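Student: What follows is a structure written as structure tokens; I'll ask about it next.
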Amino acid sequence: MSGNQSNVDSVQSRRVTWEGCSVLLDINDGDRLVFSRLTENSTLKIGKKNYSLRPLIGCPFGSLFQVEYGAEGSKLSRLLRSAEVSNIEDNGDYQPVEEHRDNRELVDNNKAQSLSGEDIEELRRQGATGDEIIEALIANSATFEKKTAFSQEKYRLKKQKKYAPRVLLRRPVARSICETYFTKYPARIGFMRVDTLSLLLSMANVAANSDILVVDMVGGLLTGAVAERMGGSGYVCNMYLESSPYPMDIVRMFNFGDEICKRIVRTSLSDLCSVQNDPSEQMGHDVSIQNDPSEQMGHDVSATANSSNEQMCSHETLTEPSGMEEIALPSENEVSKCKIPKAGDKASQETIDLWKANGFSSLIVAAPELDTWNTVKDLMPHLSHSAPFAIYHQYLQPLATCMHRLQSEKMAVGLQISEPWLREYQVLPSRTHPCMQMSAFGGYILSGVKICNPESA
Amino acid sequence: MLALDTSKKLSFSKLIASGDLVIVYERHETMKAVKVCEGSVFQNRFGMFKHSHWIGLPFGSKVYSNKSGYVYLLAPSPELWTLVLSHRTQILYIADISFVIMYLEIVPGCLVLESGTGSGSLTTSLVRAVAPTGHVHTFDFHEQRAASAREDFERTGVSSMVTVGVRDIQGKGFPDELCGLADAVFLDLPQPWLVIVSAAKMLKPDATLCSFSPCIEQVQRSCEALRTNFTDIRTFEVLLRTYEVREVKINSMRGQGGSPCQQPPCKRRHTNEGSDKQESVSSAIMARPSAEARGHTGYLTFARLRCSA
């Protein structure tokens, strides 16, 4: 299985799961989203039971599984194509028929269904499939025939979710990871919505063969998304401005192979600013002059970062004390057994020297806890000529202040503060309208292009 | 425009050379793409600029005209290109473009099919997303526009990554030789539902499709057609709201109460400690949404090709 790691980065082979890969499980059409890792022993809890995830290993992403009841108890089994399409909503033959029924006589008093919970259990014991139970419930409902066609569809869907739950195997990529976090734990990603993230990547011209400077205080989502779009070339420099690096746990969910992981490196601002062989230039306490001690310190830094990753404690629990059970992080044993490549090693001195010589091609900042203007002011000199930048913040004021300063000090042009707006639509025959729920807020972005102004040396 | 290999990267050492494409920035939303040429001259309201003065300068430099006006010379990027390219058709802008690329899950190495090419606005960003190992096949049924697009791709230096075909995709579908190879398909056509079956043949299982349509009726028909072979069908609208930032002077009267109020025209400009009515001028940075905004571009419908067993 570990042989797959070598071609994990090629777009082709990433379409089938392998042992040790990270997956996003979508239960009942988005009702519940769970990140997991497919190992021999991993399980998923649905209702009161734990189901082994082993049947999912080796299946293509996009496969659908349903809970099946068999002689040995229930398990997840893969749904074949024909069974998938049995869902009414997917029926392409919808004919708009005049609907004569309405709900004037329907009273919601819980007395319509004549099958009891015990009856259903009995059916299960007799080997009935989920779909058969649903048919039985429909047959025993006094009000089903009186419902409108749409209402019947909704009823069927509701029963299916309860008695024949389905699990969709999704690929964790920037889009799905961001959407899931935004739905479940938005605070951990600083309320960065998926369209906002996509704008950051465009505005900062994220592409292959670039050196992109990133200040990521949103759990590693930004770093991972940038690395994904660089595809294994160039560097993502995850920079920390204080004494210790920021957590980057989300990067591990992307299933990056070695090639991409190597490209995600960390460095501190003081390391970038320090001049070799000149002790008076040191700005931070963790900078050393010779290569050897800094290599060792680098190892310590990344070890600390990794152990905090494993526990996922310190930073995470402060912001979101509950709900952590849905993210199954591998234990130390599992990590070494599955050989999950690690990202976030300290940048080598050679690489740092290159950055000092050439500058970074662009900058993205998502740092709610830092002062925006001071951060940008410190980082701008490290950007190449005409480099674009994109600064994300939940609050407008810090960006307004930063924009004003950049303007008055003539450090950038093309400055713009944008607020993305996203609305989803339900498109169904005779039922098309914007969705009832909507995200009102996904953050603000300040974007611009660095200019070289000889007037303000 | 794109660093197709590491030697072409933007850096401190890369200077403007003859033959380079630069984006001349006059002010916000007034920019122009210019190809630098030793003997040429650029003219605008600020005066006349000689290209020879530009050569050897770093990108991002401020350059002056013969009349002491100035502009900035920026390095081209797909975003800037979208703002300066000539519109042969209605184009897609950054909000839609960035969302499409993320939602189609396009990464380096992908093979992407697009129809129609239009003015190549999205195409340029698609190329960036798949570079250096992927490819974009884009089709337009208008021969002239296809030719203009090819010229633009030459100008921006991305032609090795994109193939422009003249083809009526609505009538004929995508070419058979691309069957089963596409990681993503993008449609910007008047009747995209006619192309769904062909698109399904082109895509790998679980691969993504996007259709951009200005009208809701088009969206409805497309979604109906998608239901047979596609899943995860979702339709969105994306828009950008921009903000204006200004430094506003606030005059506040300090004295009894000390609350700032509407001032009659004031004479004193500095705080005068000797008097009992003190007045100070401070300023605050304020932001407010811009009054104008784009209300609608189009609906974006995304879907995934179902996996077969």
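Chains: A, B, ... in order of the structure tokens. Residues: from 1 per chain. Ligands: from 1, in order shown.
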Taking only C-alpha atoms into account, find every residue of chain B that has an atom no more than 6 Å from chain A, and write it out as a list of chain:residue names.

Tutor: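 Close enough to count are B:Ala3, B:Thr6, B:Ser11, B:Phe12, B:His28, B:Phe59, B:Gly60, B:Ser61, B:Leu74, B:Ala75, B:Ser98, B:Phe99, B:Met102, B:Val107, B:Pro108, B:Asp206, B:Arg227, B:Thr235, B:Phe236, B:Glu237, B:Val238, B:Leu239, B:Leu240, B:Arg241, B:Thr242, B:Tyr243, B:Ser308, B:Ala309.
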
Student: Write out the residues from the selection above, keeping N, CA, C and O atoms, as a CSV table (one decimal), in the first residue's frame.

Tutor:
chain,number,residue,atom,x,y,z
B,3,ALA,N,5.5,31.8,-14.8
B,3,ALA,CA,6.8,31.2,-14.7
B,3,ALA,C,6.7,29.7,-15.0
B,3,ALA,O,6.5,28.9,-14.2
B,6,THR,N,11.6,27.8,-13.6
B,6,THR,CA,12.1,28.6,-12.5
B,6,THR,C,12.9,29.8,-13.0
B,6,THR,O,13.0,30.9,-12.4
B,11,SER,N,11.5,38.4,-9.8
B,11,SER,CA,12.4,38.6,-8.7
B,11,SER,C,13.0,40.0,-8.7
B,11,SER,O,12.6,40.8,-9.5
B,12,PHE,N,13.8,40.3,-7.7
B,12,PHE,CA,14.4,41.6,-7.6
B,12,PHE,C,15.3,41.8,-8.8
B,12,PHE,O,15.5,42.9,-9.3
B,28,HIS,N,-6.2,53.7,-10.4
B,28,HIS,CA,-7.1,52.5,-10.2
B,28,HIS,C,-8.1,52.4,-11.3
B,28,HIS,O,-8.8,53.3,-11.6
B,59,PHE,N,10.4,45.9,-12.6
B,59,PHE,CA,8.9,46.0,-12.7
B,59,PHE,C,8.5,46.7,-11.4
B,59,PHE,O,9.1,46.6,-10.4
B,60,GLY,N,7.4,47.4,-11.5
B,60,GLY,CA,6.9,48.1,-10.3
B,60,GLY,C,7.4,49.5,-10.2
B,60,GLY,O,7.2,50.3,-9.3
B,61,SER,N,8.2,49.9,-11.2
B,61,SER,CA,8.9,51.3,-11.2
B,61,SER,C,7.9,52.4,-11.6
B,61,SER,O,6.9,52.2,-12.3
B,74,LEU,N,3.7,47.7,-14.2
B,74,LEU,CA,3.5,46.5,-13.4
B,74,LEU,C,3.8,45.3,-14.2
B,74,LEU,O,3.6,45.2,-15.5
B,75,ALA,N,4.1,44.2,-13.6
B,75,ALA,CA,4.3,42.9,-14.2
B,75,ALA,C,2.9,42.3,-14.5
B,75,ALA,O,2.0,42.4,-13.7
B,98,SER,N,-12.1,33.1,-9.9
B,98,SER,CA,-11.4,32.4,-8.8
B,98,SER,C,-12.3,31.3,-8.2
B,98,SER,O,-11.8,30.3,-7.8
B,99,PHE,N,-13.6,31.6,-8.1
B,99,PHE,CA,-14.5,30.6,-7.6
B,99,PHE,C,-14.6,29.3,-8.5
B,99,PHE,O,-14.5,28.2,-8.0
B,102,MET,N,-11.4,27.2,-8.0
B,102,MET,CA,-11.4,26.4,-6.8
B,102,MET,C,-12.4,25.3,-6.8
B,102,MET,O,-12.1,24.2,-6.4
B,107,VAL,N,-5.8,21.9,-10.4
B,107,VAL,CA,-4.5,22.0,-9.9
B,107,VAL,C,-3.5,21.7,-11.0
B,107,VAL,O,-3.8,21.2,-12.1
B,108,PRO,N,-2.2,22.0,-10.8
B,108,PRO,CA,-1.2,21.7,-11.8
B,108,PRO,C,-1.3,20.3,-12.3
B,108,PRO,O,-1.4,19.3,-11.5
B,206,ASP,N,-15.9,11.1,-11.3
B,206,ASP,CA,-15.8,12.0,-10.1
B,206,ASP,C,-15.1,13.4,-10.5
B,206,ASP,O,-14.8,14.2,-9.7
B,227,ARG,N,-28.8,15.7,-14.4
B,227,ARG,CA,-29.2,14.7,-13.4
B,227,ARG,C,-29.0,13.3,-13.8
B,227,ARG,O,-28.8,12.5,-12.9
B,235,THR,N,-25.7,25.2,-7.6
B,235,THR,CA,-25.7,26.4,-8.3
B,235,THR,C,-25.5,27.6,-7.4
B,235,THR,O,-26.0,27.7,-6.3
B,236,PHE,N,-24.6,28.5,-7.8
B,236,PHE,CA,-24.2,29.6,-7.0
B,236,PHE,C,-24.2,30.9,-7.8
B,236,PHE,O,-24.1,31.0,-9.0
B,237,GLU,N,-24.2,32.0,-7.0
B,237,GLU,CA,-23.9,33.3,-7.5
B,237,GLU,C,-22.8,33.9,-6.7
B,237,GLU,O,-22.9,33.8,-5.4
B,238,VAL,N,-21.8,34.5,-7.3
B,238,VAL,CA,-20.7,35.1,-6.5
B,238,VAL,C,-20.6,36.6,-7.0
B,238,VAL,O,-20.6,36.9,-8.1
B,239,LEU,N,-20.5,37.5,-6.0
B,239,LEU,CA,-20.3,38.9,-6.3
B,239,LEU,C,-19.3,39.5,-5.4
B,239,LEU,O,-19.0,38.9,-4.3
B,240,LEU,N,-18.7,40.6,-5.8
B,240,LEU,CA,-17.8,41.3,-4.9
B,240,LEU,C,-18.3,42.7,-4.5
B,240,LEU,O,-18.8,43.4,-5.4
B,241,ARG,N,-18.2,43.0,-3.3
B,241,ARG,CA,-18.6,44.3,-2.8
B,241,ARG,C,-17.2,45.0,-2.5
B,241,ARG,O,-16.4,44.4,-1.8
B,242,THR,N,-17.0,46.2,-3.0
B,242,THR,CA,-15.7,46.9,-2.7
B,242,THR,C,-16.0,48.0,-1.7
B,242,THR,O,-17.1,48.5,-1.6
B,243,TYR,N,-14.9,48.4,-1.0
B,243,TYR,CA,-15.0,49.5,0.0
B,243,TYR,C,-14.1,50.6,-0.3
B,243,TYR,O,-13.1,50.5,-0.9
B,308,SER,N,-18.9,5.1,-11.9
B,308,SER,CA,-19.6,3.9,-12.2
B,308,SER,C,-18.9,2.8,-11.4
B,308,SER,O,-17.8,2.9,-10.9
B,309,ALA,N,-19.6,1.7,-11.2
B,309,ALA,CA,-19.1,0.6,-10.3
B,309,ALA,C,-17.8,0.1,-10.8
B,309,ALA,O,-17.7,-0.2,-12.0

Student: Which residues are near Pro76 in chain B? Cut-off 7 Å, only C-alpha atoms, ignore same chain within fewer than 4 positions. Put them as a list in words.

Tutor: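 The residues that qualify are Met1, Leu21, Val22, Ile23, Leu80 and Trp81 of chain B.
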
Student: Go ahead and save the residues from that selection, with all heavy atoms, as a PDB file, in the first residue's frame.

Tutor:
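To be explicit, this is the file written out as again_22.pdb:
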ATOM      1  N   MET B   1       4.194  35.967 -18.566  1.00  0.00           N
ATOM      2  CA  MET B   1       3.232  36.098 -17.483  1.00  0.00           C
ATOM      3  C   MET B   1       3.340  34.970 -16.482  1.00  0.00           C
ATOM      4  O   MET B   1       3.238  35.172 -15.286  1.00  0.00           O
ATOM      5  CB  MET B   1       1.809  36.148 -18.057  1.00  0.00           C
ATOM      6  CG  MET B   1       0.782  36.390 -16.978  1.00  0.00           C
ATOM      7  SD  MET B   1      -0.878  36.381 -17.610  1.00  0.00           S
ATOM      8  CE  MET B   1      -0.867  37.748 -18.719  1.00  0.00           C
ATOM      9  N   LEU B  21       5.942  42.196 -21.900  1.00  0.00           N
ATOM     10  CA  LEU B  21       4.622  42.793 -21.765  1.00  0.00           C
ATOM     11  C   LEU B  21       4.591  43.491 -20.403  1.00  0.00           C
ATOM     12  O   LEU B  21       4.930  42.880 -19.397  1.00  0.00           O
ATOM     13  CB  LEU B  21       3.567  41.696 -21.830  1.00  0.00           C
ATOM     14  CG  LEU B  21       2.113  42.145 -21.804  1.00  0.00           C
ATOM     15  CD1 LEU B  21       1.749  42.818 -23.117  1.00  0.00           C
ATOM     16  CD2 LEU B  21       1.198  40.947 -21.564  1.00  0.00           C
ATOM     17  N   VAL B  22       4.223  44.779 -20.388  1.00  0.00           N
ATOM     18  CA  VAL B  22       4.045  45.449 -19.091  1.00  0.00           C
ATOM     19  C   VAL B  22       2.619  45.968 -18.992  1.00  0.00           C
ATOM     20  O   VAL B  22       1.965  46.224 -19.997  1.00  0.00           O
ATOM     21  CB  VAL B  22       5.015  46.643 -18.881  1.00  0.00           C
ATOM     22  CG1 VAL B  22       6.438  46.194 -18.853  1.00  0.00           C
ATOM     23  CG2 VAL B  22       4.790  47.716 -19.901  1.00  0.00           C
ATOM     24  N   ILE B  23       2.169  46.114 -17.778  1.00  0.00           N
ATOM     25  CA  ILE B  23       0.863  46.708 -17.545  1.00  0.00           C
ATOM     26  C   ILE B  23       1.109  48.133 -17.068  1.00  0.00           C
ATOM     27  O   ILE B  23       1.685  48.364 -16.004  1.00  0.00           O
ATOM     28  CB  ILE B  23       0.068  45.933 -16.483  1.00  0.00           C
ATOM     29  CG1 ILE B  23      -0.019  44.458 -16.830  1.00  0.00           C
ATOM     30  CG2 ILE B  23      -1.310  46.563 -16.283  1.00  0.00           C
ATOM     31  CD1 ILE B  23      -0.900  44.114 -18.001  1.00  0.00           C
ATOM     32  N   LEU B  80      -4.543  41.083 -13.732  1.00  0.00           N
ATOM     33  CA  LEU B  80      -4.375  42.359 -14.422  1.00  0.00           C
ATOM     34  C   LEU B  80      -4.774  42.217 -15.879  1.00  0.00           C
ATOM     35  O   LEU B  80      -5.379  43.121 -16.457  1.00  0.00           O
ATOM     36  CB  LEU B  80      -2.925  42.849 -14.302  1.00  0.00           C
ATOM     37  CG  LEU B  80      -2.482  43.251 -12.895  1.00  0.00           C
ATOM     38  CD1 LEU B  80      -0.995  43.613 -12.881  1.00  0.00           C
ATOM     39  CD2 LEU B  80      -3.303  44.417 -12.377  1.00  0.00           C
ATOM     40  N   TRP B  81      -4.457  41.066 -16.472  1.00  0.00           N
ATOM     41  CA  TRP B  81      -4.798  40.838 -17.872  1.00  0.00           C
ATOM     42  C   TRP B  81      -6.300  40.907 -18.088  1.00  0.00           C
ATOM     43  O   TRP B  81      -6.783  41.488 -19.053  1.00  0.00           O
ATOM     44  CB  TRP B  81      -4.230  39.499 -18.348  1.00  0.00           C
ATOM     45  CG  TRP B  81      -4.533  39.228 -19.776  1.00  0.00           C
ATOM     46  CD1 TRP B  81      -5.391  38.295 -20.275  1.00  0.00           C
ATOM     47  CD2 TRP B  81      -4.011  39.921 -20.905  1.00  0.00           C
ATOM     48  NE1 TRP B  81      -5.439  38.358 -21.643  1.00  0.00           N
ATOM     49  CE2 TRP B  81      -4.598  39.345 -22.059  1.00  0.00           C
ATOM     50  CE3 TRP B  81      -3.109  40.986 -21.065  1.00  0.00           C
ATOM     51  CZ2 TRP B  81      -4.303  39.792 -23.343  1.00  0.00           C
ATOM     52  CZ3 TRP B  81      -2.818  41.421 -22.351  1.00  0.00           C
ATOM     53  CH2 TRP B  81      -3.414  40.831 -23.464  1.00  0.00           C
TER      54      TRP B  81
END

Student: Do a neighbour search on range 295-300 of chain B at 9 Å with only C-alpha atoms, toss out local chain neighbours closer than 4 positions, and write the hits as an MDAnalysis selection string.

Tutor: chainID B and resid 92:93 96 100 210:216 219 234:239

Student: Going by DSSP on the backbone, which bits of range 68-144 of chain B are strand (DSSP E)? Write them as a count of residues only, please.

Tutor: 16

Student: Tell me, in Å to one decimal, how far CA of Cys237 in chain A is from CA of Ser13 in chain B.

Tutor: 20.1 Å
